[in-house]
$ cat my_file02.txt   # compact mmCIF, C-alpha atoms and all ligand atoms
# COMPACT_ATOMS: atom_id res chain seq x y z
CA MET Y 250 0.00 0.00 0.00
CA SER Y 251 1.21 3.49 -0.65
CA GLU Y 252 -0.05 7.05 -0.56
CA SER Y 253 1.16 9.82 -2.80
CA THR Y 254 2.24 13.40 -2.38
CA THR Y 255 4.63 15.41 -4.51
CA ALA Y 256 4.81 18.46 -2.26
CA PRO Y 257 8.13 19.12 -0.54
CA ASP Y 258 7.86 18.62 3.24
CA GLU Y 259 8.95 21.23 5.76
CA GLY Y 260 12.59 20.21 5.27
CA GLY Y 261 12.31 20.75 1.50
CA MET Y 262 12.48 17.03 0.68
CA ILE Y 263 10.32 15.73 -2.15
CA THR Y 264 8.46 12.57 -1.19
CA ARG Y 265 6.09 10.46 -3.23
CA SER Y 266 4.35 7.12 -2.79
CA VAL Y 267 5.25 6.69 0.84
CA SER Y 268 4.86 3.05 1.84
CA THR Y 269 2.25 2.63 4.56
CA GLU Y 270 3.51 -0.85 5.54
CA PRO Y 271 5.28 -0.87 8.91
CA PRO Y 272 9.00 -0.73 8.07
CA LEU Y 273 11.44 -3.43 9.18
CA LEU Y 274 14.25 -0.92 9.63
CA SER Y 275 13.92 2.84 9.85
CA CYS Y 276 15.76 5.93 10.91
CA ARG Y 277 14.30 9.18 12.16
CA ASN Y 278 16.05 12.56 12.09
CA VAL Y 279 19.46 10.94 12.04
CA THR Y 280 22.35 13.40 12.04
CA LYS Y 281 26.12 12.86 12.14
CA GLN Y 282 28.60 15.61 12.80
CA PHE Y 283 32.36 15.13 12.65
CA SER Y 284 34.78 17.41 14.44
CA VAL Y 285 37.33 18.80 12.05
CA ALA Y 286 39.99 21.47 12.46
CA GLY Y 287 38.21 24.74 13.14
CA GLY Y 288 34.71 23.32 13.76
CA HIS Y 289 32.59 20.46 12.57
CA ILE Y 290 30.99 19.16 9.40
CA THR Y 291 27.52 17.68 9.15
CA ALA Y 292 27.97 14.52 7.07
CA VAL Y 293 24.38 13.33 7.53
CA ASP Y 294 21.75 15.94 8.21
CA ASP Y 295 18.35 15.01 9.67
CA VAL Y 296 17.70 11.91 7.55
CA SER Y 297 14.51 9.87 7.98
CA LEU Y 298 14.05 6.74 5.87
CA ASP Y 299 11.97 3.55 6.02
CA PHE Y 300 12.98 0.12 4.77
CA PRO Y 301 9.88 -2.07 4.34
CA GLU Y 302 10.43 -5.82 4.56
CA ALA Y 303 11.52 -7.53 1.32
CA SER Y 304 12.08 -4.25 -0.48
CA VAL Y 305 15.14 -2.90 -2.24
CA LEU Y 306 15.89 0.71 -1.43
CA ALA Y 307 18.75 2.49 -3.16
CA VAL Y 308 20.47 5.50 -1.64
CA VAL Y 309 22.20 7.51 -4.35
CA GLY Y 310 24.27 10.66 -4.32
CA GLU Y 311 27.63 11.99 -5.36
CA SER Y 312 30.85 11.27 -3.51
CA GLY Y 313 30.81 12.90 -0.08
CA SER Y 314 27.01 13.18 0.13
CA GLY Y 315 26.96 11.09 3.33
CA LYS Y 316 25.84 7.67 2.07
CA SER Y 317 28.48 5.58 3.81
CA THR Y 318 28.19 7.58 7.02
CA LEU Y 319 24.45 6.88 7.02
CA ALA Y 320 25.18 3.19 6.35
CA ARG Y 321 27.68 2.98 9.22
CA MET Y 322 25.13 4.47 11.60
CA LEU Y 323 22.40 2.10 10.44
CA LEU Y 324 24.83 -0.78 10.95
CA ARG Y 325 25.60 0.55 14.40
CA LEU Y 326 29.29 0.74 13.54
CA MET Y 327 29.29 4.45 14.36
CA PRO Y 328 27.18 6.33 16.94
CA VAL Y 329 24.62 8.89 15.78
CA THR Y 330 25.03 12.51 16.86
CA SER Y 331 21.25 12.66 17.15
CA GLY Y 332 18.22 10.77 15.91
CA THR Y 333 16.87 7.24 16.28
CA ILE Y 334 17.27 3.91 14.50
CA THR Y 335 14.50 1.36 14.84
CA PHE Y 336 14.52 -2.34 13.89
CA ARG Y 337 11.38 -4.46 14.25
CA ASP Y 338 9.79 -1.71 16.34
CA GLN Y 339 12.70 -1.75 18.78
CA ASP Y 340 14.90 1.30 19.32
CA VAL Y 341 18.38 0.01 18.46
CA THR Y 342 20.19 3.36 18.54
CA ASN Y 343 22.05 2.54 21.75
CA LEU Y 344 22.08 -1.26 21.84
CA ARG Y 345 25.11 -2.88 23.43
CA GLY Y 346 26.64 -6.28 24.15
CA ALA Y 347 24.69 -9.41 23.27
CA GLU Y 348 21.74 -7.44 21.92
CA LEU Y 349 23.97 -5.51 19.55
CA ARG Y 350 25.58 -8.75 18.37
CA ARG Y 351 22.12 -10.14 17.67
CA TYR Y 352 21.33 -7.01 15.67
CA TRP Y 353 24.54 -7.48 13.68
CA SER Y 354 23.55 -11.02 12.77
CA GLU Y 355 20.25 -9.73 11.36
CA VAL Y 356 21.69 -6.72 9.56
CA GLN Y 357 24.66 -7.78 7.45
CA ALA Y 358 26.82 -5.71 5.14
CA VAL Y 359 28.88 -6.09 1.98
CA PHE Y 360 31.38 -3.37 1.12
CA GLN Y 361 33.15 -2.11 -1.93
CA ASP Y 362 36.46 -3.89 -1.92
CA PRO Y 363 36.17 -7.58 -1.26
CA PHE Y 364 39.97 -7.98 -1.33
CA SER Y 365 40.36 -5.93 1.82
CA SER Y 366 37.88 -8.21 3.63
CA PHE Y 367 39.77 -11.35 2.64
CA ASN Y 368 42.82 -12.76 4.28
CA GLN Y 369 44.94 -13.72 1.27
CA PHE Y 370 46.35 -16.78 3.02
CA PHE Y 371 43.02 -18.49 3.58
CA THR Y 372 40.97 -20.37 1.04
CA VAL Y 373 37.35 -19.34 0.61
CA GLY Y 374 36.37 -22.52 2.45
CA SER Y 375 38.43 -21.71 5.52
CA LEU Y 376 37.24 -18.09 5.46
CA LEU Y 377 33.58 -19.17 5.48
CA ARG Y 378 34.19 -21.84 8.14
CA ARG Y 379 35.95 -19.34 10.39
CA SER Y 380 33.00 -16.95 10.14
CA LEU Y 381 30.62 -19.72 11.13
CA LYS Y 382 32.85 -20.78 14.01
CA LEU Y 383 32.82 -17.21 15.35
CA ALA Y 384 29.03 -17.24 15.03
CA GLN Y 385 29.01 -20.53 16.99
CA VAL Y 386 27.23 -22.52 14.31
CA GLY Y 387 27.34 -26.25 15.09
CA LYS Y 388 29.91 -28.36 13.20
CA ASP Y 389 27.30 -30.65 11.71
CA GLU Y 390 25.47 -27.72 10.09
CA VAL Y 391 28.48 -25.95 8.63
CA ASP Y 392 28.94 -27.71 5.29
CA ALA Y 393 25.25 -27.68 4.41
CA LEU Y 394 24.94 -24.00 5.30
CA ILE Y 395 27.99 -23.07 3.21
CA GLU Y 396 26.68 -25.01 0.24
CA GLU Y 397 23.22 -23.46 0.59
CA CYS Y 398 24.56 -19.91 0.76
CA LEU Y 399 27.01 -20.35 -2.11
CA GLY Y 400 24.02 -21.66 -4.06
CA TYR Y 401 22.14 -18.39 -3.49
CA VAL Y 402 24.92 -16.48 -5.22
CA GLY Y 403 25.32 -18.99 -8.05
CA LEU Y 404 28.56 -20.67 -6.94
CA THR Y 405 29.21 -24.36 -6.32
CA PRO Y 406 31.43 -25.54 -3.46
CA LYS Y 407 33.73 -27.07 -6.07
CA GLU Y 408 34.17 -23.72 -7.82
CA ALA Y 409 34.87 -21.74 -4.71
CA LEU Y 410 35.91 -23.57 -1.55
CA HIS Y 411 39.45 -24.59 -2.43
CA LYS Y 412 40.37 -21.32 -4.10
CA TYR Y 413 42.41 -18.48 -2.68
CA PRO Y 414 40.99 -14.94 -3.12
CA HIS Y 415 43.36 -14.09 -5.98
CA GLN Y 416 42.15 -17.12 -7.90
CA LEU Y 417 38.61 -15.74 -8.11
CA SER Y 418 37.29 -13.02 -10.41
CA GLY Y 419 36.16 -9.74 -8.84
CA GLY Y 420 32.53 -10.75 -9.32
CA GLN Y 421 33.09 -14.17 -7.73
CA ARG Y 422 34.88 -12.57 -4.77
CA GLN Y 423 31.97 -10.20 -4.26
CA ARG Y 424 29.49 -13.06 -4.51
CA VAL Y 425 31.48 -14.98 -1.86
CA MET Y 426 31.13 -11.95 0.41
CA VAL Y 427 27.37 -11.93 -0.18
CA ALA Y 428 27.30 -15.67 0.61
CA ARG Y 429 29.23 -15.04 3.82
CA ALA Y 430 26.72 -12.37 4.84
CA LEU Y 431 23.81 -14.72 4.07
CA MET Y 432 25.23 -17.46 6.33
CA MET Y 433 24.10 -15.37 9.32
CA ARG Y 434 20.56 -15.58 7.94
CA PRO Y 435 20.11 -11.81 8.01
CA LYS Y 436 16.87 -9.94 7.42
CA VAL Y 437 18.67 -6.93 5.97
CA LEU Y 438 21.63 -6.81 3.59
CA LEU Y 439 23.34 -3.49 3.27
CA ALA Y 440 25.52 -3.16 0.18
CA ASP Y 441 27.74 -0.07 0.15
CA GLU Y 442 29.18 0.39 -3.36
CA ALA Y 443 29.37 -3.40 -3.45
CA THR Y 444 29.40 -3.47 -7.24
CA SER Y 445 31.38 -0.31 -7.96
CA MET Y 446 34.71 -1.97 -8.60
CA LEU Y 447 33.34 -4.58 -10.97
CA ASP Y 448 33.29 -4.30 -14.73
CA ALA Y 449 29.91 -4.10 -16.44
CA THR Y 450 29.19 -7.82 -16.96
CA LEU Y 451 30.21 -8.89 -13.47
CA ARG Y 452 28.29 -5.99 -12.03
CA VAL Y 453 25.04 -7.07 -13.68
CA ASN Y 454 25.73 -10.55 -12.39
CA VAL Y 455 26.00 -9.38 -8.76
CA LEU Y 456 23.02 -7.02 -9.16
CA ASN Y 457 20.91 -9.94 -10.39
CA VAL Y 458 22.00 -12.00 -7.37
CA LEU Y 459 20.88 -9.21 -5.03
CA HIS Y 460 17.61 -8.90 -6.93
CA ASP Y 461 16.86 -12.62 -6.69
CA LEU Y 462 17.64 -12.76 -2.97
CA ARG Y 463 14.77 -10.49 -2.19
CA ALA Y 464 12.40 -12.88 -3.95
CA GLU Y 465 13.98 -16.09 -2.60
CA LEU Y 466 14.70 -15.08 0.99
CA GLY Y 467 12.46 -12.06 1.51
CA LEU Y 468 15.62 -10.09 2.17
CA THR Y 469 15.46 -6.33 2.61
CA VAL Y 470 18.28 -4.78 0.59
CA LEU Y 471 19.78 -1.35 1.14
CA PHE Y 472 21.84 -0.59 -1.92
CA ILE Y 473 24.19 2.37 -1.70
CA THR Y 474 25.75 3.76 -4.84
CA HIS Y 475 26.93 6.95 -6.51
CA ASP Y 476 25.60 5.50 -9.78
CA ILE Y 477 21.91 6.21 -10.31
CA GLY Y 478 21.94 3.79 -13.26
CA GLN Y 479 22.69 0.84 -10.96
CA ALA Y 480 20.14 2.08 -8.47
CA THR Y 481 17.34 2.08 -11.02
CA TYR Y 482 18.34 -1.34 -12.30
CA LEU Y 483 17.84 -2.91 -8.91
CA ALA Y 484 15.68 -0.85 -6.58
CA ASP Y 485 11.94 -0.47 -5.97
CA ARG Y 486 12.52 2.82 -4.27
CA VAL Y 487 15.23 5.43 -4.48
CA ALA Y 488 16.35 8.10 -1.99
CA VAL Y 489 18.64 10.82 -3.32
CA MET Y 490 21.20 12.39 -0.96
CA GLU Y 491 22.94 15.74 -1.43
CA HIS Y 492 25.26 17.28 1.19
CA GLY Y 493 23.99 14.93 3.90
CA LYS Y 494 20.29 15.52 3.23
CA VAL Y 495 17.73 13.37 1.44
CA VAL Y 496 16.48 15.77 -1.23
CA GLU Y 497 14.08 13.42 -2.98
CA ARG Y 498 12.62 9.96 -2.56
CA GLY Y 499 9.96 7.89 -4.24
CA SER Y 500 9.46 4.81 -6.35
CA THR Y 501 12.22 4.18 -8.88
CA GLU Y 502 9.85 4.98 -11.76
CA GLU Y 503 8.86 8.30 -10.20
CA VAL Y 504 12.38 9.36 -9.45
CA ILE Y 505 13.81 8.56 -12.88
CA PHE Y 506 10.86 9.43 -15.10
CA SER Y 507 9.71 12.57 -13.29
CA PRO Y 508 12.50 13.83 -11.05
CA GLN Y 509 11.52 16.89 -9.04
CA ALA Y 510 14.71 17.97 -7.32
CA GLU Y 511 17.25 19.86 -9.43
CA TYR Y 512 19.99 17.68 -7.99
CA THR Y 513 18.25 14.46 -9.14
CA LYS Y 514 17.82 15.94 -12.61
CA ARG Y 515 21.55 16.64 -12.74
CA LEU Y 516 22.42 13.09 -11.66
CA LEU Y 517 20.09 11.70 -14.31
CA ALA Y 518 21.50 13.96 -17.01
CA ASP Y 519 24.82 12.13 -16.67
CA VAL Y 520 23.20 8.78 -17.51
CA PRO Y 521 21.77 8.97 -21.02
CA ASP Y 522 19.33 6.06 -21.34
CA LEU Y 523 17.95 4.59 -18.15
CA ARG Y 524 14.62 3.42 -19.51
CA GLY Y 525 16.20 0.31 -20.98
CA SER Y 526 17.82 -0.59 -17.68
CA LEU Y 527 14.69 -0.60 -15.53
CA LYS Y 528 14.23 -3.91 -13.69
CA PRO Y 529 16.57 -6.84 -14.04
CA ARG Y 530 15.22 -9.90 -15.89
CA ALA Y 531 11.49 -10.57 -16.02
N1 LIG Y 601 35.53 9.88 10.18
C1 LIG Y 601 35.33 11.05 9.55
N2 LIG Y 601 35.83 12.20 10.05
C2 LIG Y 601 35.62 13.39 9.43
N3 LIG Y 601 34.88 13.52 8.30
C3 LIG Y 601 34.34 12.41 7.77
C4 LIG Y 601 34.52 11.12 8.35
N4 LIG Y 601 33.87 10.20 7.60
C5 LIG Y 601 33.31 10.88 6.59
N5 LIG Y 601 33.58 12.21 6.69
C6 LIG Y 601 33.09 13.26 5.80
O1 LIG Y 601 31.68 13.16 5.73
C7 LIG Y 601 31.21 13.41 4.41
C8 LIG Y 601 30.41 12.24 3.91
O2 LIG Y 601 31.28 11.14 3.71
P1 LIG Y 601 30.75 9.71 3.25
O3 LIG Y 601 31.89 8.78 3.25
O4 LIG Y 601 29.57 9.35 4.07
O5 LIG Y 601 30.28 10.03 1.75
P2 LIG Y 601 29.78 9.03 0.61
O6 LIG Y 601 28.50 9.58 0.10
O7 LIG Y 601 29.80 7.64 1.11
O8 LIG Y 601 30.90 9.23 -0.51
P3 LIG Y 601 31.49 8.15 -1.57
O9 LIG Y 601 30.49 8.07 -2.69
O10 LIG Y 601 32.77 8.79 -2.02
O11 LIG Y 601 31.71 6.85 -0.87
C9 LIG Y 601 32.44 13.73 3.58
O12 LIG Y 601 32.59 15.13 3.54
C10 LIG Y 601 33.56 13.09 4.36
O13 LIG Y 601 34.77 13.76 4.15
MG MG Y 602 30.81 5.90 0.53
$ encode --input "my_file02.txt" --output "C-alpha cells"
Amino acid sequence: MSESTTAPDEGGMITRSVSTEPPLLSCRNVTKQFSVAGGHITAVDDVSLDFPEASVLAVVGESGSGKSTLARMLLRLMPVTSGTITFRDQDVTNLRGAELRRYWSEVQAVFQDPFSSFNQFFTVGSLLRRSLKLAQVGKDEVDALIEECLGYVGLTPKEALHKYPHQLSGGQRQRVMVARALMMRPKVLLADEATSMLDATLRVNVLNVLHDLRAELGLTVLFITHDIGQATYLADRVAVMEHGKVVERGSTEEVIFSPQAEYTKRLLADVPDLRGSLKPRA
C-alpha cells in the first residue's frame, strides 16, 4: 500500500508514494557531525528513511554526500550525533553487548572492496568456516549451510571452496562476500558500493543476485551507490542524498521518469538512457 504526495515537506524534501507498511528498519532525524579542524561538518543531516520488509531501497548521491556515514550508523558501527534507528519496532540506537551482536547477525553488510575483507592466506572454504565458528554454528550444520549460501549467489562448493581470493574473479569474490553475509541468515543486507569496482558484466551478475535474494529469501536490501543507473536497475525505491540531506525519494519509476529535485535531474542527465535498464530480468 502506498499514498502519494509530490509536495516538498517542511525540510524541503520531495516525497512520493510513501509506503504505509510498517517498516522493518527505519531511521528518524538521524544526524552525524564530525569534528574537524576549526569546527565540525555535518555529514548526515536530519535523515529519515523507512525500509519495508523484502524491499530494495537504493540511496544515491555523489561522492561525499553522506551515504556511507548513514550506512555505518544504520549498521551501528558508528554512533549517531542525534536521531533514532528502529529495527522491528525496537529502538536500536544505543544497543550494546549481546543485543547488539544479535542485531549485527540480522543486519549484514557487503562493502566495496572484497579484497580488503579477505585474508589472502586463507581459502574461501576456511574463510567461510571461520565466520561460522565465530558465530558458533554447530559443526554438523556448517557444510550444508555453506553449500546453501554459495548456491544463493550462483557458486558451487567445487568452484569456490578450495580457491584463494586471488584465484577468483572480482565478481566471484563479491558473490562470496554476499554468501558469507547470508550465512548469518540476516533480514537486511546493506551493500555499500558493493558493485562499484566490478566491470559491467560482473556488475550485472551481482546485481541480479541481489535482486533474486529479495524474492527467494524475503531479504530487505539497502543498496548504496553513486551510480543512479545501478540504483534504477535494482531498486523499488530510491532516496537521493545531497550534502547529507535526502532531497528526494519515491518509487524508482517516479524518481527517474519525473525527477523533481534539481539535484536528481543533474544526476540523471549524466546517464543517457535509463529506460532500458529498468528492472533486471522478467
Ligand atoms: N571519520 C570522519 N571524520 C571526518 N569527516 C568524515 C569522516 N567520515 C566521513 N567524513 C566526511 O563526511 C562526508 C560524507 O562522507 P561519506 O563517506 O559518508 O560520503 P559518501 O557519500 O559515502 O561518498 P562516496 O560516494 O565517495 O563513498 C564527507 O565530507 C567526508 O569527508
Ligand atoms: Mg561511501
$ residues_near_ligand --input "my_file02.txt" --ligand "ligand LIG 601 (chain Y)" --cutoff "6 Å" --atoms "only C-alpha atoms and all ligand atoms" --output "JSON, numbers by chain"
{"Y": [283, 292, 311, 312, 313, 314, 315, 316, 317, 318, 475]}
$ residues_near_point --input "my_file02.txt" --point "(25.8, -15.0, 3.6)" --cutoff "10 Å" --atoms "all atoms listed in the file" --output "list in words"
Gln357, Ala358, Val359, Leu377, Ser380, Leu394, Ile395, Glu397, Cys398, Leu399, Tyr401, Val402, Arg424, Val425, Met426, Val427, Ala428, Arg429, Ala430, Leu431, Met432, Met433, Arg434, Pro435 and Leu438 of chain Y
$ closest_residue --input "my_file02.txt" --among "Y:Thr372, Y:Ser297, Y:Thr280, Y:Ser275" --to "Y:Lys412" --atoms "all atoms listed in the file"
Y:Thr372
$ atom_distance --input "my_file02.txt" --atom1 "atom CA of Y:Ser284" --atom2 "atom CA of Y:Val495"
21.8 Å
$ atom_distance --input "my_file02.txt" --atom1 "atom CA of Y:Val329" --atom2 "atom CA of Y:Val293"
9.4 Å
$ residues_near_point --input "my_file02.txt" --point "(17.5, 18.4, -5.5)" --cutoff "7 Å" --atoms "all atoms listed in the file" --output "MDAnalysis selection string"
chainID Y and resid 496:497 510:513
$ closest_residue --input "my_file02.txt" --among "Y:Ala488, Y:Val309, Y:Val391, Y:Leu323" --to "ligand MG 602 (chain Y)" --atoms "all atoms listed in the file"
Y:Val309
$ closest_residue --input "my_file02.txt" --among "Y:Gln361, Y:Leu483, Y:Phe371, Y:Leu298" --to "Y:Met262" --atoms "all atoms listed in the file"
Y:Leu298
$ residues_around --input "my_file02.txt" --residues "Y:Leu466" --least-positions-apart "5" --cutoff "9 Å" --atoms "all atoms listed in the file" --output "ChimeraX atom specification"
/Y:303,436,461
$ closest_residue --input "my_file02.txt" --among "Y:Asp441, Y:Asp340, Y:Glu390, Y:Glu348" --to "Y:Ile473" --atoms "only C-alpha atoms"
Y:Asp441
$ closest_residue --input "my_file02.txt" --among "Y:Arg379, Y:Arg350, Y:Lys494, Y:Arg321" --to "ligand MG 602 (chain Y)" --atoms "all atoms listed in the file"
Y:Arg321
$ residues_around --input "my_file02.txt" --residues "Y:Gln416" --least-positions-apart "2" --cutoff "12 Å" --atoms "only C-alpha atoms" --output "number ranges by chain"
Y: 364, 369-373, 408-414, 418-422
$ closest_residue --input "my_file02.txt" --among "Y:Val504, Y:Leu306, Y:Ala440, Y:Leu517" --to "ligand MG 602 (chain Y)" --atoms "all atoms listed in the file"
Y:Ala440
$ atom_distance --input "my_file02.txt" --atom1 "atom CA of Y:Asp448" --atom2 "atom CA of Y:Asp476"
13.4 Å
